[in-house]
Amino acid sequence: MSFETFNLGKHLNKSLKNNNYTTPTPIQEKVIPLILNGDDVMAKAQTGSGKTAGFVLPLLNLLSASMIYSLQSGMMKTSQDKKQKIKVLVLTPTRELTLQVANSFSIFSEFLPYTPKVVSIIGGESIGDQLISLQKGCEIVVATSGRLLDIMDKKQIDLGSVEYFILDEADKMLDLGFADELDMILKALPLKRQNLLFSATYPDKMLTIASKITKTPIKVTLEDENPTVENITQRAIKVNRENRSPLLRHLLRVNKWNQVLVFMANKRACDNIAAKFRRHGFLAESFHGDLSQDDRNYTLDEFKNKKIKILFATDIASRGLHIDDISCVINFDLPRGLDDYIHRIGRTGRAGKLGTAISFVGHEDKEYFSLIEKRCKISIDYEEIEGFELIGDAIIKVKGKAPVKGKRKSKKDKLREMANTKIN
Ligand code: AMP
């Protein structure tokens, strides 16, 4: 199948060619015709599946068709004739994903005769600039919910003309409080609109949220339900906790990896280990939520431009980062959520390339790693690397003696015993 089949028009086809998109990915094959047809869609799609272009391309096609219609029917004299109304609202879980989705809209609209204006609304950057951009008018807003609500509170955004509402990586927005935030946002939207949901997983909480947004979505899943990504070699290496750093340095030296993304359990660990690796001569940096937005953007750019080779990151980087050249992802610390494993390893093996994902597994992680394997329907043989073999036994935590079910004396037994002792 080729992109021509969708009749996206010569301008979008030109930008596809310019960006070396020749064949639609399976998710694109399925969702593009549905979106063009005006259907609500609930798609099960992981990052790396091509889902962003899956909604960006048909939305641009629909938007530009309606702009051309407005111009031709004399409703607008020129595209800049009057302040544009917001037609598309995309909500994403992270600032980075917001910028990436916004960028995707800009890239693909490069050759359109009437380029829709895109505004990103994210925390960590000047709200003033965002308000000015909104005031000037735009057709597309890509936002994280917190900052969007701040702006809604100030009554500085009119969502009353939104025709397309998109929740991207929706399962990553399920934290505490999101359902309430979503209610507030939904209240500001017209009831008649097209809704698109993209999520890697659909737990019950997600289905409840989906039912608030759309009643009759067309569900899209791909035949291969296996949540792990095919072109990624997954490995698990047994190693003692204290040997993880030396093992990582060894692996970095013997493998010819381009860019390596290393996931750590917390922000402090990222900073500490990045500093340590720099002292060992590696081009390493840390990436986490405590950095200012400018620092985050700068670090990502440096990583994309290969000035940084090893990025030590928290799970903030596991969602929606589009860096095509990451050859290896390392789980230095295993992810807290089982689904985060899928998101993390999906940072490599992108855009048809091969990737490797390695998890370090110590005594204390084995049980948890088995849960990950079960959840992701995978089975990985443990490896050991010479000189870094796992030694010692697992420390079994004993917190006092647990009562044995059925062996503990009941109150009645104790009373009976007391009565017997008194009699004897
Ligand atoms: P996404 O799942 O939207 O995060 O996309 C993953 C990566 O695949 C991005 O870097 C896209 O630029 C790339 N991509 C998406 N669709 C295609 C396609 N049809 N052909 C080539 N690359 C693509």
# chains A, B, ... in the order shown; residues from 1 in each chain; ligands from 1
$ residues_near_ligand --ligand "ligand 1" --cutoff "7 Å" --atoms "only C-alpha atoms and all ligand atoms" --output "list in words"
Asn20, Tyr21, Thr22, Thr23, Pro24, Thr25, Gln46, Thr47, Gly48, Ser49, Gly50, Lys51, Thr52, Ala53, Gly320, His322, Ile323, Asp324, Arg350 and Ala351 of chain A
$ write_last_selection --atoms "all heavy atoms" --output "compact mmCIF listing (two decimals), in the first residue's frame"
# COMPACT_ATOMS: atom_id res chain seq x y z
N ASN A 20 10.67 11.22 3.54
CA ASN A 20 10.93 9.80 3.29
C ASN A 20 9.88 8.86 3.85
O ASN A 20 10.18 7.76 4.31
CB ASN A 20 12.31 9.39 3.87
CG ASN A 20 13.42 10.14 3.23
OD1 ASN A 20 13.39 10.37 2.01
ND2 ASN A 20 14.39 10.56 4.02
N TYR A 21 8.65 9.30 3.84
CA TYR A 21 7.55 8.40 4.21
C TYR A 21 7.02 7.82 2.90
O TYR A 21 6.40 8.52 2.12
CB TYR A 21 6.41 9.16 4.88
CG TYR A 21 6.58 9.48 6.34
CD1 TYR A 21 7.78 9.89 6.86
CD2 TYR A 21 5.49 9.38 7.21
CE1 TYR A 21 7.92 10.21 8.20
CE2 TYR A 21 5.62 9.69 8.55
CZ TYR A 21 6.84 10.10 9.04
OH TYR A 21 6.97 10.42 10.36
N THR A 22 7.30 6.53 2.65
CA THR A 22 6.83 5.95 1.40
C THR A 22 5.64 5.02 1.63
O THR A 22 4.67 5.04 0.89
CB THR A 22 7.96 5.18 0.68
OG1 THR A 22 8.57 4.34 1.66
CG2 THR A 22 8.97 6.10 0.06
N THR A 23 5.75 4.20 2.67
CA THR A 23 4.70 3.22 2.93
C THR A 23 4.04 3.51 4.27
O THR A 23 4.73 3.74 5.26
CB THR A 23 5.33 1.80 3.03
OG1 THR A 23 6.32 1.71 2.01
CG2 THR A 23 4.31 0.72 2.87
N PRO A 24 2.71 3.51 4.31
CA PRO A 24 2.07 3.75 5.61
C PRO A 24 2.32 2.59 6.58
O PRO A 24 2.41 1.44 6.14
CB PRO A 24 0.57 3.84 5.27
CG PRO A 24 0.44 3.64 3.82
CD PRO A 24 1.77 3.35 3.21
N THR A 25 2.45 2.90 7.85
CA THR A 25 2.59 1.84 8.85
C THR A 25 1.21 1.22 9.05
O THR A 25 0.19 1.83 8.68
CB THR A 25 3.10 2.42 10.19
OG1 THR A 25 2.10 3.32 10.70
CG2 THR A 25 4.41 3.17 10.04
N GLN A 46 1.05 1.84 20.09
CA GLN A 46 2.22 2.19 20.90
C GLN A 46 3.00 3.33 20.24
O GLN A 46 2.85 3.57 19.05
CB GLN A 46 3.19 1.02 20.96
CG GLN A 46 2.61 -0.26 21.41
CD GLN A 46 3.58 -1.39 21.13
OE1 GLN A 46 4.78 -1.21 21.19
NE2 GLN A 46 3.05 -2.55 20.82
N THR A 47 3.88 3.92 21.05
CA THR A 47 4.79 4.88 20.44
C THR A 47 5.71 4.07 19.53
O THR A 47 6.03 2.93 19.83
CB THR A 47 5.66 5.59 21.50
OG1 THR A 47 6.12 4.60 22.40
CG2 THR A 47 4.89 6.61 22.26
N GLY A 48 6.07 4.65 18.43
CA GLY A 48 6.90 3.91 17.47
C GLY A 48 6.06 3.31 16.36
O GLY A 48 6.59 2.86 15.35
N SER A 49 4.73 3.29 16.53
CA SER A 49 3.86 2.66 15.53
C SER A 49 3.58 3.61 14.36
O SER A 49 3.03 3.21 13.35
CB SER A 49 2.54 2.26 16.17
OG SER A 49 1.90 3.41 16.70
N GLY A 50 3.91 4.88 14.52
CA GLY A 50 3.60 5.86 13.48
C GLY A 50 2.25 6.53 13.73
O GLY A 50 1.68 7.14 12.83
N LYS A 51 1.75 6.45 14.95
CA LYS A 51 0.40 6.97 15.25
C LYS A 51 0.31 8.48 15.06
O LYS A 51 -0.74 8.99 14.67
CB LYS A 51 -0.02 6.58 16.67
CG LYS A 51 0.89 7.18 17.71
CD LYS A 51 0.50 6.82 19.10
CE LYS A 51 1.55 7.28 20.07
NZ LYS A 51 1.91 8.71 20.03
N THR A 52 1.42 9.21 15.31
CA THR A 52 1.34 10.68 15.21
C THR A 52 0.96 11.09 13.79
O THR A 52 -0.02 11.83 13.60
CB THR A 52 2.70 11.32 15.59
OG1 THR A 52 3.17 10.67 16.77
CG2 THR A 52 2.54 12.80 15.84
N ALA A 53 1.71 10.57 12.81
CA ALA A 53 1.36 10.90 11.43
C ALA A 53 0.00 10.33 11.09
O ALA A 53 -0.74 10.87 10.26
CB ALA A 53 2.42 10.36 10.47
N GLY A 320 6.84 8.85 24.34
CA GLY A 320 6.73 9.71 23.17
C GLY A 320 7.96 10.46 22.71
O GLY A 320 7.83 11.42 21.97
N HIS A 322 10.78 11.11 20.27
CA HIS A 322 11.05 10.65 18.91
C HIS A 322 12.50 10.90 18.57
O HIS A 322 12.85 11.95 18.06
CB HIS A 322 10.22 11.43 17.90
CG HIS A 322 8.76 11.23 18.08
ND1 HIS A 322 7.91 11.04 17.06
CD2 HIS A 322 8.01 11.18 19.21
CE1 HIS A 322 6.69 10.88 17.53
NE2 HIS A 322 6.73 10.97 18.83
N ILE A 323 13.35 9.98 18.93
CA ILE A 323 14.74 10.10 18.51
C ILE A 323 15.03 8.81 17.78
O ILE A 323 14.97 7.73 18.37
CB ILE A 323 15.68 10.32 19.72
CG1 ILE A 323 15.30 11.62 20.40
CG2 ILE A 323 17.13 10.34 19.27
CD1 ILE A 323 15.98 11.88 21.70
N ASP A 324 15.26 8.93 16.48
CA ASP A 324 15.29 7.72 15.67
C ASP A 324 16.57 6.91 15.80
O ASP A 324 16.62 5.78 15.40
CB ASP A 324 15.06 8.07 14.19
CG ASP A 324 13.62 8.49 13.95
OD1 ASP A 324 12.78 8.19 14.83
OD2 ASP A 324 13.34 9.12 12.93
N ARG A 350 13.24 2.30 16.30
CA ARG A 350 12.22 3.17 15.71
C ARG A 350 12.42 3.34 14.21
O ARG A 350 13.52 3.15 13.71
CB ARG A 350 12.24 4.53 16.41
CG ARG A 350 11.90 4.42 17.87
CD ARG A 350 12.09 5.74 18.55
NE ARG A 350 11.02 6.66 18.19
CZ ARG A 350 9.81 6.62 18.72
NH1 ARG A 350 9.51 5.72 19.61
NH2 ARG A 350 8.90 7.49 18.36
N ALA A 351 11.33 3.70 13.56
CA ALA A 351 11.35 4.00 12.13
C ALA A 351 12.07 2.90 11.33
O ALA A 351 12.91 3.17 10.49
CB ALA A 351 12.02 5.37 11.89
$ select_by_dssp --residues "range 164-390 of chain A" --states "strand (DSSP E or B)" --output "count of residues only"
48
$ residues_around --residues "Ala102 in chain A" --least-positions-apart "4" --cutoff "9 Å" --atoms "only C-alpha atoms" --output "PDB file with all heavy atoms, in the first residue's frame"
ATOM      1  N   LEU A  97       6.254  15.512  24.276  1.00  0.00           N
ATOM      2  CA  LEU A  97       5.352  14.962  23.260  1.00  0.00           C
ATOM      3  C   LEU A  97       4.543  16.086  22.617  1.00  0.00           C
ATOM      4  O   LEU A  97       4.308  16.085  21.409  1.00  0.00           O
ATOM      5  CB  LEU A  97       4.434  13.895  23.883  1.00  0.00           C
ATOM      6  CG  LEU A  97       3.587  13.105  22.889  1.00  0.00           C
ATOM      7  CD1 LEU A  97       4.424  12.423  21.830  1.00  0.00           C
ATOM      8  CD2 LEU A  97       2.724  12.057  23.589  1.00  0.00           C
ATOM      9  N   THR A  98       4.147  17.063  23.433  1.00  0.00           N
ATOM     10  CA  THR A  98       3.419  18.207  22.878  1.00  0.00           C
ATOM     11  C   THR A  98       4.241  18.870  21.778  1.00  0.00           C
ATOM     12  O   THR A  98       3.748  19.119  20.669  1.00  0.00           O
ATOM     13  CB  THR A  98       3.126  19.241  23.991  1.00  0.00           C
ATOM     14  OG1 THR A  98       2.220  18.642  24.910  1.00  0.00           O
ATOM     15  CG2 THR A  98       2.492  20.507  23.440  1.00  0.00           C
ATOM     16  N   SER A 106       3.624  20.989  11.840  1.00  0.00           N
ATOM     17  CA  SER A 106       4.334  21.997  11.050  1.00  0.00           C
ATOM     18  C   SER A 106       5.058  21.360   9.871  1.00  0.00           C
ATOM     19  O   SER A 106       5.023  21.874   8.752  1.00  0.00           O
ATOM     20  CB  SER A 106       5.353  22.745  11.914  1.00  0.00           C
ATOM     21  OG  SER A 106       4.694  23.291  13.018  1.00  0.00           O
ATOM     22  N   ILE A 107       5.726  20.219  10.141  1.00  0.00           N
ATOM     23  CA  ILE A 107       6.497  19.559   9.070  1.00  0.00           C
ATOM     24  C   ILE A 107       5.595  19.182   7.899  1.00  0.00           C
ATOM     25  O   ILE A 107       5.896  19.445   6.742  1.00  0.00           O
ATOM     26  CB  ILE A 107       7.195  18.293   9.632  1.00  0.00           C
ATOM     27  CG1 ILE A 107       8.386  18.682  10.510  1.00  0.00           C
ATOM     28  CG2 ILE A 107       7.643  17.363   8.517  1.00  0.00           C
ATOM     29  CD1 ILE A 107       9.030  17.511  11.209  1.00  0.00           C
ATOM     30  N   VAL A 118      -0.082  26.618  14.377  1.00  0.00           N
ATOM     31  CA  VAL A 118      -0.051  25.651  15.480  1.00  0.00           C
ATOM     32  C   VAL A 118       0.520  26.340  16.717  1.00  0.00           C
ATOM     33  O   VAL A 118       1.548  27.019  16.632  1.00  0.00           O
ATOM     34  CB  VAL A 118       0.877  24.457  15.141  1.00  0.00           C
ATOM     35  CG1 VAL A 118       0.756  23.358  16.183  1.00  0.00           C
ATOM     36  CG2 VAL A 118       0.600  23.913  13.761  1.00  0.00           C
ATOM     37  N   VAL A 119      -0.127  26.188  17.857  1.00  0.00           N
ATOM     38  CA  VAL A 119       0.408  26.738  19.099  1.00  0.00           C
ATOM     39  C   VAL A 119       0.562  25.600  20.120  1.00  0.00           C
ATOM     40  O   VAL A 119      -0.348  24.791  20.295  1.00  0.00           O
ATOM     41  CB  VAL A 119      -0.507  27.853  19.666  1.00  0.00           C
ATOM     42  CG1 VAL A 119      -0.036  28.296  21.049  1.00  0.00           C
ATOM     43  CG2 VAL A 119      -0.550  29.041  18.721  1.00  0.00           C
ATOM     44  N   SER A 120       1.740  25.556  20.773  1.00  0.00           N
ATOM     45  CA  SER A 120       1.965  24.562  21.838  1.00  0.00           C
ATOM     46  C   SER A 120       1.730  25.222  23.180  1.00  0.00           C
ATOM     47  O   SER A 120       2.237  26.321  23.433  1.00  0.00           O
ATOM     48  CB  SER A 120       3.408  24.055  21.813  1.00  0.00           C
ATOM     49  OG  SER A 120       3.747  23.623  20.539  1.00  0.00           O
ATOM     50  N   ILE A 140      -4.695  25.122  15.344  1.00  0.00           N
ATOM     51  CA  ILE A 140      -4.328  23.875  16.038  1.00  0.00           C
ATOM     52  C   ILE A 140      -3.666  24.210  17.371  1.00  0.00           C
ATOM     53  O   ILE A 140      -2.729  25.014  17.421  1.00  0.00           O
ATOM     54  CB  ILE A 140      -3.338  23.048  15.174  1.00  0.00           C
ATOM     55  CG1 ILE A 140      -3.975  22.728  13.815  1.00  0.00           C
ATOM     56  CG2 ILE A 140      -2.920  21.768  15.890  1.00  0.00           C
ATOM     57  CD1 ILE A 140      -3.017  22.152  12.791  1.00  0.00           C
ATOM     58  N   VAL A 141      -4.172  23.612  18.441  1.00  0.00           N
ATOM     59  CA  VAL A 141      -3.518  23.755  19.742  1.00  0.00           C
ATOM     60  C   VAL A 141      -3.110  22.366  20.207  1.00  0.00           C
ATOM     61  O   VAL A 141      -3.920  21.441  20.212  1.00  0.00           O
ATOM     62  CB  VAL A 141      -4.466  24.412  20.776  1.00  0.00           C
ATOM     63  CG1 VAL A 141      -3.922  24.253  22.190  1.00  0.00           C
ATOM     64  CG2 VAL A 141      -4.656  25.884  20.458  1.00  0.00           C
ATOM     65  N   VAL A 142      -1.831  22.238  20.576  1.00  0.00           N
ATOM     66  CA  VAL A 142      -1.354  20.989  21.167  1.00  0.00           C
ATOM     67  C   VAL A 142      -0.941  21.339  22.596  1.00  0.00           C
ATOM     68  O   VAL A 142      -0.188  22.296  22.802  1.00  0.00           O
ATOM     69  CB  VAL A 142      -0.151  20.407  20.388  1.00  0.00           C
ATOM     70  CG1 VAL A 142       0.152  18.991  20.854  1.00  0.00           C
ATOM     71  CG2 VAL A 142      -0.418  20.405  18.892  1.00  0.00           C
TER      72      VAL A 142
END
$ residues_around --residues "Thr314 in chain A" --least-positions-apart "6" --cutoff "7 Å" --atoms "only C-alpha atoms" --output "PyMOL selection string"
chain A and resi 263-267+287-288
$ closest_residue --among "A:Ile185, A:Leu148, A:Ala170, A:Ile310" --to "Ala210 in chain A" --atoms "only C-alpha atoms"
A:Ala170
$ residues_around --residues "Asp204 in chain A" --least-positions-apart "4" --cutoff "12 Å" --atoms "only C-alpha atoms" --output "list in words"
Asp171, Leu174, Thr208, Ile209, Ala210 and Ser211 of chain A
$ closest_residue --among "A:Ile345, A:Ile358, A:Val262, A:Ile391" --to "Glu230 in chain A" --atoms "only C-alpha atoms"
A:Ile345
$ select_by_dssp --residues "range 66-164 of chain A" --states "helix (DSSP H, G or I)" --output "ChimeraX atom specification"
/A:66-72,95-108,127-136,145-153
$ decode --residues "range 288-311 of chain A" --atoms "N, CA and C atoms" --output "PDB file, in the first residue's frame"
ATOM      1  N   HIS A 288      15.537  14.787  33.299  1.00  0.00           N
ATOM      2  CA  HIS A 288      14.426  14.464  34.209  1.00  0.00           C
ATOM      3  C   HIS A 288      13.562  15.690  34.452  1.00  0.00           C
ATOM      4  N   GLY A 289      12.516  15.490  35.211  1.00  0.00           N
ATOM      5  CA  GLY A 289      11.496  16.519  35.379  1.00  0.00           C
ATOM      6  C   GLY A 289      11.912  17.723  36.203  1.00  0.00           C
ATOM      7  N   ASP A 290      13.060  17.666  36.888  1.00  0.00           N
ATOM      8  CA  ASP A 290      13.491  18.825  37.673  1.00  0.00           C
ATOM      9  C   ASP A 290      14.201  19.863  36.811  1.00  0.00           C
ATOM     10  N   LEU A 291      14.539  19.478  35.585  1.00  0.00           N
ATOM     11  CA  LEU A 291      15.229  20.445  34.717  1.00  0.00           C
ATOM     12  C   LEU A 291      14.212  21.453  34.194  1.00  0.00           C
ATOM     13  N   SER A 292      14.658  22.655  33.940  1.00  0.00           N
ATOM     14  CA  SER A 292      13.747  23.651  33.363  1.00  0.00           C
ATOM     15  C   SER A 292      13.423  23.208  31.937  1.00  0.00           C
ATOM     16  N   GLN A 293      12.331  23.723  31.392  1.00  0.00           N
ATOM     17  CA  GLN A 293      11.951  23.320  30.039  1.00  0.00           C
ATOM     18  C   GLN A 293      13.063  23.638  29.042  1.00  0.00           C
ATOM     19  N   ASP A 294      13.718  24.782  29.235  1.00  0.00           N
ATOM     20  CA  ASP A 294      14.812  25.144  28.326  1.00  0.00           C
ATOM     21  C   ASP A 294      15.923  24.107  28.384  1.00  0.00           C
ATOM     22  N   ASP A 295      16.258  23.688  29.623  1.00  0.00           N
ATOM     23  CA  ASP A 295      17.319  22.690  29.771  1.00  0.00           C
ATOM     24  C   ASP A 295      16.907  21.361  29.149  1.00  0.00           C
ATOM     25  N   ARG A 296      15.648  21.003  29.339  1.00  0.00           N
ATOM     26  CA  ARG A 296      15.172  19.742  28.752  1.00  0.00           C
ATOM     27  C   ARG A 296      15.281  19.794  27.229  1.00  0.00           C
ATOM     28  N   ASN A 297      14.809  20.915  26.656  1.00  0.00           N
ATOM     29  CA  ASN A 297      14.861  21.040  25.192  1.00  0.00           C
ATOM     30  C   ASN A 297      16.294  20.992  24.694  1.00  0.00           C
ATOM     31  N   TYR A 298      17.181  21.726  25.423  1.00  0.00           N
ATOM     32  CA  TYR A 298      18.580  21.809  25.032  1.00  0.00           C
ATOM     33  C   TYR A 298      19.214  20.409  25.076  1.00  0.00           C
ATOM     34  N   THR A 299      18.972  19.684  26.188  1.00  0.00           N
ATOM     35  CA  THR A 299      19.564  18.355  26.337  1.00  0.00           C
ATOM     36  C   THR A 299      19.071  17.427  25.228  1.00  0.00           C
ATOM     37  N   LEU A 300      17.770  17.472  24.948  1.00  0.00           N
ATOM     38  CA  LEU A 300      17.237  16.598  23.889  1.00  0.00           C
ATOM     39  C   LEU A 300      17.846  16.933  22.536  1.00  0.00           C
ATOM     40  N   ASP A 301      17.976  18.237  22.263  1.00  0.00           N
ATOM     41  CA  ASP A 301      18.587  18.634  20.989  1.00  0.00           C
ATOM     42  C   ASP A 301      20.018  18.123  20.898  1.00  0.00           C
ATOM     43  N   GLU A 302      20.765  18.275  22.006  1.00  0.00           N
ATOM     44  CA  GLU A 302      22.156  17.810  22.011  1.00  0.00           C
ATOM     45  C   GLU A 302      22.222  16.298  21.805  1.00  0.00           C
ATOM     46  N   PHE A 303      21.253  15.590  22.382  1.00  0.00           N
ATOM     47  CA  PHE A 303      21.202  14.133  22.227  1.00  0.00           C
ATOM     48  C   PHE A 303      20.862  13.787  20.775  1.00  0.00           C
ATOM     49  N   LYS A 304      19.854  14.512  20.223  1.00  0.00           N
ATOM     50  CA  LYS A 304      19.475  14.260  18.826  1.00  0.00           C
ATOM     51  C   LYS A 304      20.636  14.559  17.886  1.00  0.00           C
ATOM     52  N   ASN A 305      21.393  15.635  18.213  1.00  0.00           N
ATOM     53  CA  ASN A 305      22.524  16.011  17.353  1.00  0.00           C
ATOM     54  C   ASN A 305      23.798  15.235  17.666  1.00  0.00           C
ATOM     55  N   LYS A 306      23.658  14.253  18.513  1.00  0.00           N
ATOM     56  CA  LYS A 306      24.740  13.317  18.849  1.00  0.00           C
ATOM     57  C   LYS A 306      25.907  13.962  19.603  1.00  0.00           C
ATOM     58  N   LYS A 307      25.640  15.128  20.210  1.00  0.00           N
ATOM     59  CA  LYS A 307      26.696  15.730  21.047  1.00  0.00           C
ATOM     60  C   LYS A 307      26.711  15.023  22.399  1.00  0.00           C
ATOM     61  N   ILE A 308      25.574  14.461  22.760  1.00  0.00           N
ATOM     62  CA  ILE A 308      25.489  13.627  23.964  1.00  0.00           C
ATOM     63  C   ILE A 308      25.291  12.200  23.464  1.00  0.00           C
ATOM     64  N   LYS A 309      26.064  11.263  24.028  1.00  0.00           N
ATOM     65  CA  LYS A 309      25.961   9.876  23.557  1.00  0.00           C
ATOM     66  C   LYS A 309      25.124   9.027  24.506  1.00  0.00           C
ATOM     67  N   ILE A 310      25.196   9.377  25.790  1.00  0.00           N
ATOM     68  CA  ILE A 310      24.475   8.569  26.780  1.00  0.00           C
ATOM     69  C   ILE A 310      23.590   9.493  27.601  1.00  0.00           C
ATOM     70  N   LEU A 311      22.317   9.181  27.583  1.00  0.00           N
ATOM     71  CA  LEU A 311      21.387  10.007  28.337  1.00  0.00           C
ATOM     72  C   LEU A 311      20.819   9.174  29.481  1.00  0.00           C
TER      73      LEU A 311
END
